[in-house]
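Novice: model_27.txt is reproduced in full below (compact mmCIF, C-alpha atoms).
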```txt
# COMPACT_ATOMS: atom_id res chain seq x y z
CA MET A 1 -23.89 -11.35 12.67
CA MET A 2 -23.14 -7.66 13.10
CA ARG A 3 -23.08 -8.05 16.84
CA LYS A 4 -20.86 -11.12 16.58
CA LEU A 5 -18.49 -9.14 14.37
CA MET A 6 -18.43 -6.24 16.83
CA VAL A 7 -17.78 -8.58 19.71
CA SER A 8 -14.91 -10.17 17.77
CA ILE A 9 -13.42 -6.77 16.98
CA GLY A 10 -13.89 -5.82 20.61
CA CYS A 11 -12.05 -8.95 21.68
CA LEU A 12 -9.21 -8.23 19.29
CA LEU A 13 -8.92 -4.67 20.55
CA ALA A 14 -9.00 -5.83 24.14
CA ALA A 15 -6.37 -8.47 23.39
CA ALA A 16 -4.14 -5.88 21.68
CA ALA A 17 -4.52 -3.54 24.64
CA ALA A 18 -3.75 -6.33 27.09
CA ALA A 19 -0.69 -7.29 25.05
CA ALA A 20 0.55 -3.71 25.26
CA THR A 21 -0.02 -3.59 29.00
CA ILE A 22 1.91 -6.77 29.70
CA LEU A 23 4.76 -5.47 27.63
CA ALA A 24 7.27 -7.50 29.56
CA ALA A 25 5.09 -10.57 29.74
CA GLN A 26 6.13 -14.14 29.35
CA GLY A 27 3.43 -16.65 28.54
CA ASP A 28 0.22 -15.02 29.72
CA LYS A 29 1.33 -13.81 33.12
CA PRO A 30 2.77 -10.30 33.50
CA MET A 31 6.37 -10.36 34.73
CA SER A 32 5.43 -7.68 37.28
CA PRO A 33 1.97 -8.36 38.75
CA ARG A 34 -0.22 -5.42 39.75
CA GLY A 35 -0.24 -4.23 43.35
CA ILE A 36 -2.49 -2.07 45.47
CA ALA A 37 -1.86 -0.55 48.89
CA ALA A 38 -4.88 0.78 50.73
CA THR A 39 -5.61 2.42 54.04
CA GLN A 40 -8.80 3.80 55.47
CA ILE A 41 -8.86 6.35 58.26
CA GLY A 42 -11.13 8.72 60.13
CA GLY A 43 -13.92 6.18 60.59
CA LYS A 44 -15.34 4.59 63.72
CA TRP A 45 -15.86 0.99 64.81
CA VAL A 46 -19.59 0.70 65.43
CA LYS A 47 -22.00 -2.11 66.15
CA PRO A 48 -24.95 -1.66 63.80
CA ALA A 49 -28.29 -2.81 65.25
CA GLY A 50 -29.40 -6.13 63.80
CA ALA A 51 -26.46 -6.39 61.42
CA THR A 52 -24.06 -9.29 61.35
CA ASP A 53 -20.42 -8.86 60.62
CA TYR A 54 -17.53 -11.21 60.83
CA THR A 55 -15.11 -9.13 62.84
CA LEU A 56 -14.81 -9.42 66.59
CA GLY A 57 -17.80 -8.10 68.50
CA GLY A 58 -19.83 -7.75 65.28
CA GLN A 59 -18.33 -4.32 64.68
CA THR A 60 -17.98 -2.62 61.34
CA TYR A 61 -15.78 0.33 60.43
CA GLN A 62 -17.94 3.17 59.18
CA GLY A 63 -17.31 6.61 57.73
CA GLY A 64 -13.63 6.09 56.89
CA LYS A 65 -11.90 7.71 53.95
CA TRP A 66 -9.59 5.79 51.64
CA ILE A 67 -6.05 6.47 50.51
CA GLU A 68 -4.71 4.13 47.84
CA VAL A 69 -1.62 3.49 45.75
CA THR A 70 -1.79 1.33 42.61
CA TYR A 71 1.36 0.19 40.85
CA GLY A 72 3.16 -2.59 39.01
CA ALA A 73 5.12 -4.83 41.40
CA PRO A 74 8.45 -5.96 39.93
CA LEU A 75 10.33 -8.97 41.32
CA LYS A 76 13.94 -8.90 42.37
CA ARG A 77 14.78 -12.25 40.74
CA GLY A 78 18.29 -12.33 42.21
CA ARG A 79 19.35 -8.98 40.80
CA GLU A 80 21.38 -6.31 42.53
CA LEU A 81 18.68 -3.64 42.58
CA TRP A 82 20.43 -0.29 42.67
CA GLY A 83 24.13 -0.61 41.88
CA SER A 84 26.47 2.19 42.91
CA GLY A 85 28.30 5.27 41.68
CA ALA A 86 27.42 6.54 38.20
CA GLU A 87 25.41 3.37 37.56
CA TYR A 88 23.22 3.84 40.63
CA GLY A 89 19.55 3.26 39.79
CA LYS A 90 20.18 2.97 36.04
CA SER A 91 18.78 -0.55 35.74
CA SER A 92 15.48 0.60 37.29
CA LEU A 93 15.12 3.65 35.07
CA VAL A 94 15.37 1.74 31.77
CA GLY A 95 15.97 5.00 29.93
CA ALA A 96 13.29 7.07 31.72
CA PRO A 97 14.19 10.45 33.28
CA ILE A 98 12.95 9.37 36.72
CA TRP A 99 11.86 6.09 38.35
CA ARG A 100 8.22 5.00 38.06
CA ALA A 101 8.60 3.47 41.54
CA GLY A 102 7.04 0.28 40.29
CA ALA A 103 6.84 -1.55 36.96
CA ASP A 104 5.13 -1.01 33.64
CA VAL A 105 2.30 1.42 34.46
CA THR A 106 2.62 4.82 36.14
CA THR A 107 2.25 4.52 39.93
CA ARG A 108 -0.92 6.31 41.06
CA LEU A 109 -1.99 7.78 44.39
CA LYS A 110 -5.68 8.34 45.06
CA THR A 111 -6.77 10.12 48.22
CA GLU A 112 -10.21 10.98 49.53
CA LEU A 113 -8.62 13.25 52.15
CA PRO A 114 -6.34 16.28 51.96
CA LEU A 115 -2.79 15.22 52.85
CA ALA A 116 0.08 17.39 54.07
CA ILE A 117 3.42 16.08 52.76
CA GLY A 118 6.73 17.89 53.00
CA GLY A 119 5.06 21.18 53.92
CA LYS A 120 2.63 21.15 51.00
CA THR A 121 -0.99 20.08 50.73
CA LEU A 122 -2.36 17.50 48.35
CA ALA A 123 -6.06 18.13 47.78
CA PRO A 124 -8.26 15.02 47.56
CA GLY A 125 -7.81 13.57 44.10
CA GLU A 126 -5.51 11.46 41.98
CA TYR A 127 -1.79 11.91 41.39
CA SER A 128 1.16 10.14 39.82
CA LEU A 129 4.13 9.14 41.97
CA PHE A 130 7.77 9.02 40.89
CA ILE A 131 11.04 8.68 42.76
CA ASP A 132 14.23 10.50 41.86
CA LEU A 133 16.95 7.95 42.64
CA LYS A 134 20.27 9.22 43.90
CA GLU A 135 22.57 7.08 45.99
CA HIS A 136 21.54 7.59 49.67
CA ASN A 137 19.20 10.35 48.51
CA TRP A 138 15.74 9.51 47.23
CA THR A 139 13.10 12.14 46.47
CA LEU A 140 9.40 11.40 46.21
CA VAL A 141 7.76 13.34 43.39
CA VAL A 142 4.00 13.89 43.28
CA SER A 143 2.74 15.03 39.90
CA THR A 144 -0.49 15.79 38.07
CA LEU A 145 0.89 14.84 34.64
CA PRO A 146 -1.67 12.94 32.57
CA PHE A 147 -0.95 9.21 32.38
CA GLN A 148 -1.72 6.37 29.98
CA PRO A 149 -3.30 3.26 31.43
CA LYS A 150 -2.05 1.41 28.35
CA TYR A 151 1.17 1.96 26.48
CA ASP A 152 0.92 3.91 23.23
CA PRO A 153 4.34 4.58 21.68
CA LYS A 154 2.84 7.47 19.68
CA GLU A 155 1.72 9.32 22.83
CA LYS A 156 4.17 12.13 23.59
CA VAL A 157 2.54 13.83 26.60
CA ALA A 158 0.87 11.38 28.94
CA THR A 159 3.22 9.15 30.92
CA PHE A 160 3.47 5.40 30.75
CA GLY A 161 5.59 4.44 33.72
CA ALA A 162 7.95 7.42 33.83
CA TYR A 163 8.34 7.75 30.07
CA ASN A 164 7.30 11.28 29.00
CA TYR A 165 7.84 12.54 32.58
CA THR A 166 8.69 16.22 32.91
CA THR A 167 8.78 18.38 36.04
CA ALA A 168 6.06 20.65 34.58
CA LYS A 169 3.26 19.24 36.71
CA ASP A 170 5.16 18.50 39.95
CA VAL A 171 2.93 19.23 42.94
CA LEU A 172 5.63 18.49 45.48
CA ARG A 173 9.05 16.93 45.94
CA THR A 174 10.17 15.67 49.30
CA PRO A 175 13.14 13.62 50.57
CA MET A 176 12.46 10.01 51.54
CA LYS A 177 13.74 8.38 54.70
CA LEU A 178 15.85 5.32 53.78
CA GLU A 179 16.23 2.50 56.27
CA ALA A 180 17.36 -1.12 56.27
CA LEU A 181 14.85 -3.97 56.61
CA PRO A 182 15.49 -7.15 58.61
CA HIS A 183 14.83 -9.25 55.47
CA SER A 184 14.94 -8.91 51.70
CA ILE A 185 11.53 -8.35 50.08
CA GLU A 186 11.31 -10.15 46.73
CA GLN A 187 8.50 -8.09 45.19
CA LEU A 188 8.36 -4.31 45.28
CA THR A 189 5.54 -3.24 47.60
CA TRP A 190 4.02 0.10 48.52
CA GLU A 191 2.72 0.11 52.08
CA PHE A 192 1.07 2.41 54.56
CA VAL A 193 2.92 2.24 57.87
CA ASP A 194 2.49 3.68 61.38
CA MET A 195 -1.03 4.83 60.54
CA THR A 196 -3.29 6.77 62.87
CA ASP A 197 -6.22 9.06 62.10
CA ALA A 198 -3.70 11.94 62.17
CA GLY A 199 -1.50 10.48 59.44
CA GLY A 200 1.29 8.01 58.89
CA SER A 201 3.93 7.14 56.33
CA LEU A 202 3.82 6.04 52.75
CA ALA A 203 6.57 3.48 52.24
CA LEU A 204 8.12 1.56 49.39
CA VAL A 205 9.84 -1.69 50.35
CA TRP A 206 12.04 -3.72 48.00
CA GLY A 207 15.13 -5.72 48.69
CA ASN A 208 16.63 -4.84 52.06
CA GLN A 209 15.41 -1.26 52.05
CA MET A 210 12.39 0.76 53.05
CA ALA A 211 11.96 4.30 51.66
CA SER A 212 9.24 6.32 53.33
CA VAL A 213 7.63 9.74 53.51
CA ALA A 214 5.57 10.93 56.47
CA PHE A 215 2.22 12.59 55.83
CA LYS A 216 -0.46 14.22 57.91
CA VAL A 217 -4.15 14.21 57.23
CA GLY A 218 -5.58 17.69 56.69
CA THR A 219 -4.22 20.88 55.21
CA MET B 1 -27.87 -13.05 24.86
CA THR B 2 -24.24 -13.97 25.43
CA ARG B 3 -23.48 -10.38 26.18
CA ARG B 4 -26.32 -10.20 28.69
CA LEU B 5 -25.11 -13.40 30.29
CA ILE B 6 -21.60 -11.99 30.57
CA ALA B 7 -22.91 -8.76 32.06
CA THR B 8 -25.02 -10.72 34.55
CA SER B 9 -22.17 -13.00 35.59
CA SER B 10 -19.80 -10.08 36.11
CA MET B 11 -22.41 -8.41 38.28
CA THR B 12 -22.83 -11.57 40.33
CA LEU B 13 -19.07 -11.84 40.76
CA ALA B 14 -18.83 -8.20 41.75
CA LEU B 15 -21.64 -8.62 44.26
CA SER B 16 -20.08 -11.67 45.86
CA ALA B 17 -16.71 -9.94 46.05
CA MET B 18 -18.38 -7.09 47.93
CA LEU B 19 -19.91 -9.47 50.44
CA PHE B 20 -18.23 -7.78 53.35
CA ALA B 21 -18.13 -4.35 51.81
CA GLN B 22 -19.04 -1.20 53.64
CA ASP B 23 -19.12 2.48 52.85
CA GLY B 24 -20.58 1.80 49.44
CA GLY B 25 -19.23 -0.91 47.24
CA ARG B 26 -15.57 -1.23 48.15
CA PRO B 27 -14.41 -4.34 50.01
CA ALA B 28 -13.23 -3.44 53.50
CA SER B 29 -10.30 -5.81 52.98
CA PRO B 30 -8.91 -5.50 49.43
CA SER B 31 -7.50 -8.60 47.79
CA GLY B 32 -3.75 -9.05 47.40
CA THR B 33 -1.16 -11.26 45.77
CA ALA B 34 2.50 -11.97 46.38
CA ALA B 35 4.68 -13.63 43.77
CA ALA B 36 8.16 -15.00 43.32
CA GLN B 37 9.68 -16.59 40.26
CA VAL B 38 12.67 -18.90 40.54
CA GLY B 39 14.97 -21.05 38.42
CA GLY B 40 15.01 -18.79 35.36
CA LYS B 41 17.86 -16.96 33.68
CA PHE B 42 18.31 -13.43 32.38
CA GLU B 43 18.89 -13.45 28.62
CA THR B 44 19.66 -10.54 26.36
CA GLY B 45 16.50 -9.31 24.64
CA PRO B 46 15.76 -6.44 22.21
CA GLU B 47 14.84 -4.08 25.09
CA GLY B 48 17.32 -5.30 27.67
CA PRO B 49 17.67 -8.38 29.86
CA GLU B 50 14.66 -10.71 29.92
CA TYR B 51 14.04 -13.33 32.58
CA LYS B 52 13.24 -16.65 30.88
CA GLY B 53 12.23 -20.10 32.05
CA GLY B 54 11.33 -19.20 35.63
CA LYS B 55 8.64 -20.97 37.61
CA TRP B 56 6.08 -19.07 39.67
CA ILE B 57 5.15 -19.36 43.32
CA GLU B 58 2.17 -17.24 44.31
CA MET B 59 0.06 -16.35 47.31
CA THR B 60 -3.44 -14.91 46.97
CA PHE B 61 -5.27 -13.54 49.99
CA GLY B 62 -7.58 -10.88 51.36
CA ARG B 63 -5.82 -7.99 53.09
CA PRO B 64 -7.39 -6.86 56.36
CA ILE B 65 -6.58 -3.31 57.48
CA LYS B 66 -5.54 -2.58 61.08
CA ARG B 67 -7.71 0.54 61.42
CA GLY B 68 -6.45 1.30 64.93
CA ARG B 69 -7.01 -2.18 66.37
CA ASP B 70 -4.52 -4.22 68.38
CA VAL B 71 -4.79 -7.03 65.83
CA PHE B 72 -2.72 -9.68 67.61
CA GLY B 73 -3.53 -8.46 71.09
CA GLY B 74 -5.34 -10.23 73.88
CA THR B 75 -3.97 -12.73 76.36
CA GLY B 76 -4.88 -16.28 77.24
CA ALA B 77 -8.06 -17.48 75.56
CA SER B 78 -8.69 -14.09 73.95
CA TYR B 79 -5.31 -14.11 72.13
CA GLY B 80 -5.70 -13.68 68.38
CA LYS B 81 -9.45 -13.08 68.55
CA VAL B 82 -9.28 -9.79 66.66
CA ALA B 83 -7.61 -11.46 63.70
CA ASN B 84 -9.58 -14.67 64.08
CA PRO B 85 -12.81 -14.22 66.07
CA ASP B 86 -14.54 -17.51 65.45
CA ALA B 87 -12.83 -19.98 63.08
CA PRO B 88 -10.79 -23.05 64.15
CA VAL B 89 -7.58 -21.49 62.74
CA TRP B 90 -6.79 -18.10 61.16
CA ARG B 91 -7.31 -17.73 57.43
CA ALA B 92 -4.15 -15.59 57.45
CA GLY B 93 -5.94 -12.95 55.47
CA ALA B 94 -9.51 -11.73 55.12
CA ASN B 95 -12.70 -12.98 53.52
CA LEU B 96 -11.64 -15.73 51.10
CA THR B 97 -9.23 -18.54 51.98
CA SER B 98 -5.55 -17.69 51.46
CA GLN B 99 -4.02 -19.85 48.74
CA LEU B 100 -0.54 -20.90 47.69
CA LYS B 101 0.02 -21.92 44.08
CA THR B 102 3.38 -23.34 43.14
CA GLU B 103 4.81 -24.51 39.82
CA VAL B 104 7.80 -26.10 41.54
CA PRO B 105 7.95 -28.68 44.33
CA LEU B 106 8.67 -27.03 47.68
CA THR B 107 10.06 -28.55 50.84
CA ILE B 108 8.57 -27.12 54.01
CA ASN B 109 9.56 -28.46 57.43
CA GLY B 110 10.90 -31.64 55.88
CA LYS B 111 7.83 -32.45 53.80
CA THR B 112 7.36 -32.07 50.07
CA VAL B 113 4.64 -29.82 48.74
CA ALA B 114 4.16 -30.97 45.12
CA PRO B 115 3.37 -28.41 42.40
CA GLY B 116 -0.29 -27.41 42.77
CA THR B 117 -2.69 -25.17 44.63
CA TYR B 118 -3.12 -25.32 48.40
CA THR B 119 -4.97 -23.45 51.11
CA ILE B 120 -2.97 -21.71 53.83
CA PHE B 121 -3.85 -21.15 57.47
CA ILE B 122 -2.09 -20.09 60.65
CA ASP B 123 -2.76 -21.52 64.08
CA LEU B 124 -2.33 -18.50 66.38
CA LYS B 125 -1.04 -19.19 69.87
CA PRO B 126 0.85 -16.65 71.99
CA ASN B 127 4.48 -16.69 70.75
CA ASN B 128 3.74 -19.93 68.93
CA TRP B 129 2.40 -19.68 65.42
CA THR B 130 2.01 -22.69 63.14
CA PHE B 131 1.91 -22.41 59.35
CA ILE B 132 -0.55 -24.88 57.82
CA VAL B 133 -0.61 -26.06 54.20
CA SER B 134 -3.85 -27.88 53.47
CA ASN B 135 -5.55 -29.74 50.65
CA TRP B 136 -8.91 -28.18 51.58
CA LYS B 137 -10.33 -26.56 48.45
CA ALA B 138 -11.35 -22.91 48.64
CA GLN B 139 -14.74 -21.51 47.71
CA THR B 140 -14.48 -18.70 45.18
CA ARG B 141 -17.49 -17.01 46.72
CA TYR B 142 -19.16 -17.59 50.05
CA ASP B 143 -21.68 -20.43 49.99
CA PRO B 144 -22.69 -21.72 53.43
CA LYS B 145 -24.28 -24.81 51.81
CA ASN B 146 -21.01 -25.90 50.21
CA THR B 147 -19.35 -28.25 52.72
CA ALA B 148 -16.91 -29.76 50.20
CA GLU B 149 -14.99 -26.48 50.02
CA ILE B 150 -14.36 -23.83 52.64
CA TRP B 151 -14.60 -20.05 52.89
CA GLY B 152 -11.87 -18.39 54.92
CA ALA B 153 -11.15 -20.92 57.67
CA TYR B 154 -14.78 -21.71 58.52
CA GLY B 155 -15.16 -25.48 58.60
CA TYR B 156 -11.39 -26.08 58.50
CA THR B 157 -10.31 -29.49 59.78
CA ALA B 158 -6.78 -30.85 60.13
CA ASP B 159 -7.39 -34.09 58.21
CA LYS B 160 -6.40 -32.49 54.88
CA ASP B 161 -3.16 -30.96 56.22
CA VAL B 162 -0.17 -31.43 53.91
CA VAL B 163 2.34 -29.96 56.33
CA ARG B 164 2.48 -27.90 59.53
CA ALA B 165 5.54 -25.82 60.33
CA PRO B 166 6.48 -23.53 63.22
CA MET B 167 6.80 -19.86 62.21
CA THR B 168 9.56 -17.52 63.30
CA LEU B 169 8.04 -14.45 64.92
CA SER B 170 9.84 -11.12 64.95
CA THR B 171 8.98 -7.53 65.74
CA LEU B 172 9.21 -4.90 63.01
CA PRO B 173 10.44 -1.37 63.82
CA PHE B 174 7.26 0.02 62.21
CA SER B 175 3.58 -0.92 62.00
CA VAL B 176 2.24 -2.29 58.72
CA GLU B 177 -1.34 -1.10 58.24
CA GLU B 178 -2.55 -3.65 55.71
CA MET B 179 -1.83 -7.34 56.24
CA SER B 180 0.43 -8.77 53.61
CA TRP B 181 2.22 -11.95 52.57
CA GLN B 182 5.67 -11.47 51.13
CA PHE B 183 8.30 -13.72 49.65
CA THR B 184 11.52 -12.81 51.45
CA ASP B 185 15.19 -13.77 51.15
CA VAL B 186 14.44 -15.59 47.89
CA SER B 187 17.11 -17.40 45.87
CA ASP B 188 16.87 -20.28 43.39
CA ALA B 189 17.42 -22.60 46.36
CA GLY B 190 14.44 -21.32 48.37
CA GLY B 191 13.33 -18.50 50.61
CA LYS B 192 10.72 -17.60 53.17
CA LEU B 193 7.04 -16.87 53.16
CA THR B 194 6.52 -13.97 55.50
CA MET B 195 3.29 -12.54 56.87
CA THR B 196 3.51 -8.94 58.00
CA TRP B 197 0.80 -7.10 59.90
CA ASP B 198 1.12 -4.39 62.51
CA LYS B 199 4.56 -4.88 64.09
CA THR B 200 4.55 -8.65 63.65
CA ALA B 201 6.50 -10.53 60.99
CA ALA B 202 5.93 -14.29 60.94
CA SER B 203 7.95 -16.35 58.52
CA VAL B 204 8.40 -19.93 57.42
CA PRO B 205 11.34 -21.14 55.31
CA PHE B 206 10.94 -23.23 52.17
CA LYS B 207 13.35 -24.97 49.85
CA ILE B 208 12.88 -25.44 46.14
CA GLY B 209 12.73 -29.10 45.15
CA MET B 210 12.15 -32.29 47.06
```
When written as structure tokens, how does the structure in this file appear?

Specialist:
Amino acid sequence: MMRKLMVSIGCLLAAAAAAATILAAQGDKPMSPRGIAATQIGGKWVKPAGATDYTLGGQTYQGGKWIEVTYGAPLKRGRELWGSGAEYGKSSLVGAPIWRAGADVTTRLKTELPLAIGGKTLAPGEYSLFIDLKEHNWTLVVSTLPFQPKYDPKEKVATFGAYNYTTAKDVLRTPMKLEALPHSIEQLTWEFVDMTDAGGSLALVWGNQMASVAFKVGT
Amino acid sequence: MTRRLIATSSMTLALSAMLFAQDGGRPASPSGTAAAQVGGKFETGPEGPEYKGGKWIEMTFGRPIKRGRDVFGGTGASYGKVANPDAPVWRAGANLTSQLKTEVPLTINGKTVAPGTYTIFIDLKPNNWTFIVSNWKAQTRYDPKNTAEIWGAYGYTADKDVVRAPMTLSTLPFSVEEMSWQFTDVSDAGGKLTMTWDKTAASVPFKIGM
């Protein structure tokens, strides 16, 4: 009985939390599904003795370190994404001081390696990512502000999306390279591009545009 | 009891998801989704415009990572063998079978794909890729004894094909590390399903409706 009650309460709590997370939901599907970008570098392709694997030549990739970005992936749904002039970027900010560079939740970067970005070093760890949107001039912001995995309107310090963002915990700010894509991407996507073991670029693609920042592995 | 059962089933699920994991617990090819929603309208809501009445089209797939390999390299008989070493066609992803779920009828290469869930494959030939929509059902976890459903593209046969369509191949000015499906150039009339990996983009157009 007691356990059943606790389970029920647990379910209610979980349901309430889920409802808060899918703030912009319709039916039971979030309007902006979750996305993850992952890359793994510094490992070696090896053929382990006696092991089977389903890649060519029975090789597995061992010893690599992960870099990951998790985010909410909004859909374009026919909208003009950025606008122009004084209105530029306003529809993406939805009242926040900076763009969450995603939807709903705060965009998070997790790295198992030190990364050099814009002349500064990010130690292995977890960070929040934001983008300062100016027409033709985007700035990637890496921050150690605390974040909320679920939205609590009473929380005044930790970010949800970019709400509660301040510059107080900025680790670095660096300009992003903006370039046109050959097609229009419907769903915002973070991607790792031009990767080698020495580094690569972290890119956000949405609509006809790619915005990217180069990084190197190491300090 | 129920709780234990739930805990046990989640563990089993986790274990099967990590089937091809390495370096401790994390799948080497994370899972991914791509979604589009069409036919809805923006209405004024309490917190701004809300998109109402749209229908979803979704792809789910495993996302292999390039990790320094020439993924679509090779010539002649060895073409495509990095992406697809040993299955009849490419699963166009990693691990599990790629799936397309649509709430609206789609027209692809002149044929109607009714609302429902389908499996997706690509036949990889040099400069000649074919997009395949199939009625093969996908296994949710790998079971070599299950011949009624398939895992990845192992055991794929063409008899359940719904439609085959040529893909348009183009070269990107950058290399995408993690394979991805994207909905591109989407409007309420249709769009494209585009696979990007390394410098290759391969797309197939679809129309909404029959």

Novice: Which residue gives the smallest distance to A:Ile41 among B:Arg26, B:Arg141, B:Lys160, B:Arg67, with only C-alpha atoms counted?

Specialist: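 Using only C-alpha atoms, the shortest distance to A:Ile41 belongs to B:Arg67.
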
Novice: In terms of the shortest atom-to-atom distance over all atoms listed in the file, which of A:Val217, A:Leu109, A:Leu188, A:Leu145 is closest to chain B?

Specialist: A:Leu188

Novice: Compile a residue-level contact table for chain A against chain B at a cut-off of 6 Å, reporting for every qualifying residue the shortest atom pair and its distance in Å to one decimal, with all atoms listed in the file counted, rows ordered by chain and ascending number, as CSV.

Specialist:
```
residue,atom,partner,partner_atom,distance
A:Leu56,CA,B:Pro85,CA,5.2
A:Ser184,CA,B:Asp185,CA,4.9
A:Ile185,CA,B:Thr184,CA,4.7
A:Glu186,CA,B:Thr184,CA,5.4
A:Phe192,CA,B:Glu177,CA,5.6
A:Val193,CA,B:Val176,CA,4.7
A:Asp194,CA,B:Ser175,CA,4.8
```

Novice: Hey, can you check how far atom CA of A:Asn137 sits from atom CA of A:Lys76?

Specialist: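 Those two atoms sit 20.9 Å apart.
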
Novice: Could you tell me how far atom CA of A:Lys216 lies from atom CA of A:Gly42, in Å and to one decimal?

Specialist: 12.2 Å

Novice: To one decimal place, how far is atom CA of A:Lys120 from atom CA of A:Asp132 in Å?

Specialist: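 It comes out at 18.2 Å.
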
Novice: Identify, on the basis of all atoms listed in the file, every residue whose closest approach to stretch 173-183 of chain A does not exceed 6 Å; exclude the query and any residue fewer than 5 positions from it along the same chain; express the result as a ChimeraX atom specification.

Specialist: /A:118,138-141,208-213

Novice: Taking (-14.3, -20.3, 63.1) in the coordinates of the supplied file, I want to know which residues reach to within 7 Å of it, counting all atoms listed in the file; could you give the answer as a list in words?

Specialist: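 Residues with an atom at most 7 Å from (-14.3, -20.3, 63.1): Pro85, Asp86, Ala87, Pro88, Val89, Ala153, Tyr154 and Gly155 of chain B.
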
Novice: Between B:Ile57, B:Val204, B:Leu193, B:Ile150, which one has atoms that come closest to B:Glu103, using all atoms listed in the file?

Specialist: B:Ile57

Novice: Using all atoms listed in the file, pick whichever of B:Gly93, B:Gly110, B:Pro205, B:Gly74 has the shortest atom-to-atom distance to B:Phe61.

Specialist: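 Going through B:Gly93, B:Gly110, B:Pro205, B:Gly74 one by one, the smallest distance to B:Phe61 is for B:Gly93.
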
Novice: Under the rule that all atoms listed in the file are counted, which of A:Ser32, A:Ser92, A:Gln40, A:His136 is the nearest residue to A:Thr196?

Specialist: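 Smallest separation from A:Thr196 among the options: A:Gln40.
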
Novice: Pull out stretch 91-104 of chain B, keep N, CA and C atoms, and write it as a PDB file, in the first residue's frame.

Specialist:
```pdb
ATOM      1  N   ARG B  91      22.121   0.174 -44.247  1.00  0.00           N
ATOM      2  CA  ARG B  91      21.051   0.543 -43.311  1.00  0.00           C
ATOM      3  C   ARG B  91      20.879   2.057 -43.199  1.00  0.00           C
ATOM      4  N   ALA B  92      21.787   2.787 -43.866  1.00  0.00           N
ATOM      5  CA  ALA B  92      21.734   4.254 -43.852  1.00  0.00           C
ATOM      6  C   ALA B  92      21.713   4.788 -42.434  1.00  0.00           C
ATOM      7  N   GLY B  93      22.631   4.216 -41.645  1.00  0.00           N
ATOM      8  CA  GLY B  93      22.730   4.582 -40.241  1.00  0.00           C
ATOM      9  C   GLY B  93      23.712   3.657 -39.562  1.00  0.00           C
ATOM     10  N   ALA B  94      23.434   3.293 -38.329  1.00  0.00           N
ATOM     11  CA  ALA B  94      24.276   2.342 -37.608  1.00  0.00           C
ATOM     12  C   ALA B  94      23.388   1.517 -36.700  1.00  0.00           C
ATOM     13  N   ASN B  95      23.882   0.318 -36.400  1.00  0.00           N
ATOM     14  CA  ASN B  95      23.172  -0.589 -35.496  1.00  0.00           C
ATOM     15  C   ASN B  95      21.752  -0.855 -36.001  1.00  0.00           C
ATOM     16  N   LEU B  96      20.761  -0.312 -35.321  1.00  0.00           N
ATOM     17  CA  LEU B  96      19.359  -0.613 -35.654  1.00  0.00           C
ATOM     18  C   LEU B  96      18.981  -0.127 -37.057  1.00  0.00           C
ATOM     19  N   THR B  97      17.868  -0.648 -37.557  1.00  0.00           N
ATOM     20  CA  THR B  97      17.359  -0.265 -38.872  1.00  0.00           C
ATOM     21  C   THR B  97      16.832   1.175 -38.837  1.00  0.00           C
ATOM     22  N   SER B  98      17.180   1.967 -39.829  1.00  0.00           N
ATOM     23  CA  SER B  98      16.638   3.331 -39.921  1.00  0.00           C
ATOM     24  C   SER B  98      15.151   3.247 -40.241  1.00  0.00           C
ATOM     25  N   GLN B  99      14.366   4.111 -39.594  1.00  0.00           N
ATOM     26  CA  GLN B  99      12.921   4.069 -39.811  1.00  0.00           C
ATOM     27  C   GLN B  99      12.344   5.441 -40.122  1.00  0.00           C
ATOM     28  N   LEU B 100      11.344   5.432 -40.979  1.00  0.00           N
ATOM     29  CA  LEU B 100      10.587   6.637 -41.319  1.00  0.00           C
ATOM     30  C   LEU B 100       9.171   6.445 -40.805  1.00  0.00           C
ATOM     31  N   LYS B 101       8.698   7.430 -40.032  1.00  0.00           N
ATOM     32  CA  LYS B 101       7.325   7.366 -39.528  1.00  0.00           C
ATOM     33  C   LYS B 101       6.622   8.616 -40.020  1.00  0.00           C
ATOM     34  N   THR B 102       5.517   8.438 -40.719  1.00  0.00           N
ATOM     35  CA  THR B 102       4.825   9.616 -41.241  1.00  0.00           C
ATOM     36  C   THR B 102       3.350   9.607 -40.863  1.00  0.00           C
ATOM     37  N   GLU B 103       2.852  10.765 -40.474  1.00  0.00           N
ATOM     38  CA  GLU B 103       1.423  10.922 -40.162  1.00  0.00           C
ATOM     39  C   GLU B 103       0.631  11.403 -41.367  1.00  0.00           C
ATOM     40  N   VAL B 104       1.358  11.753 -42.441  1.00  0.00           N
ATOM     41  CA  VAL B 104       0.681  12.193 -43.666  1.00  0.00           C
ATOM     42  C   VAL B 104       1.112  11.294 -44.817  1.00  0.00           C
TER      43      VAL B 104
END
```
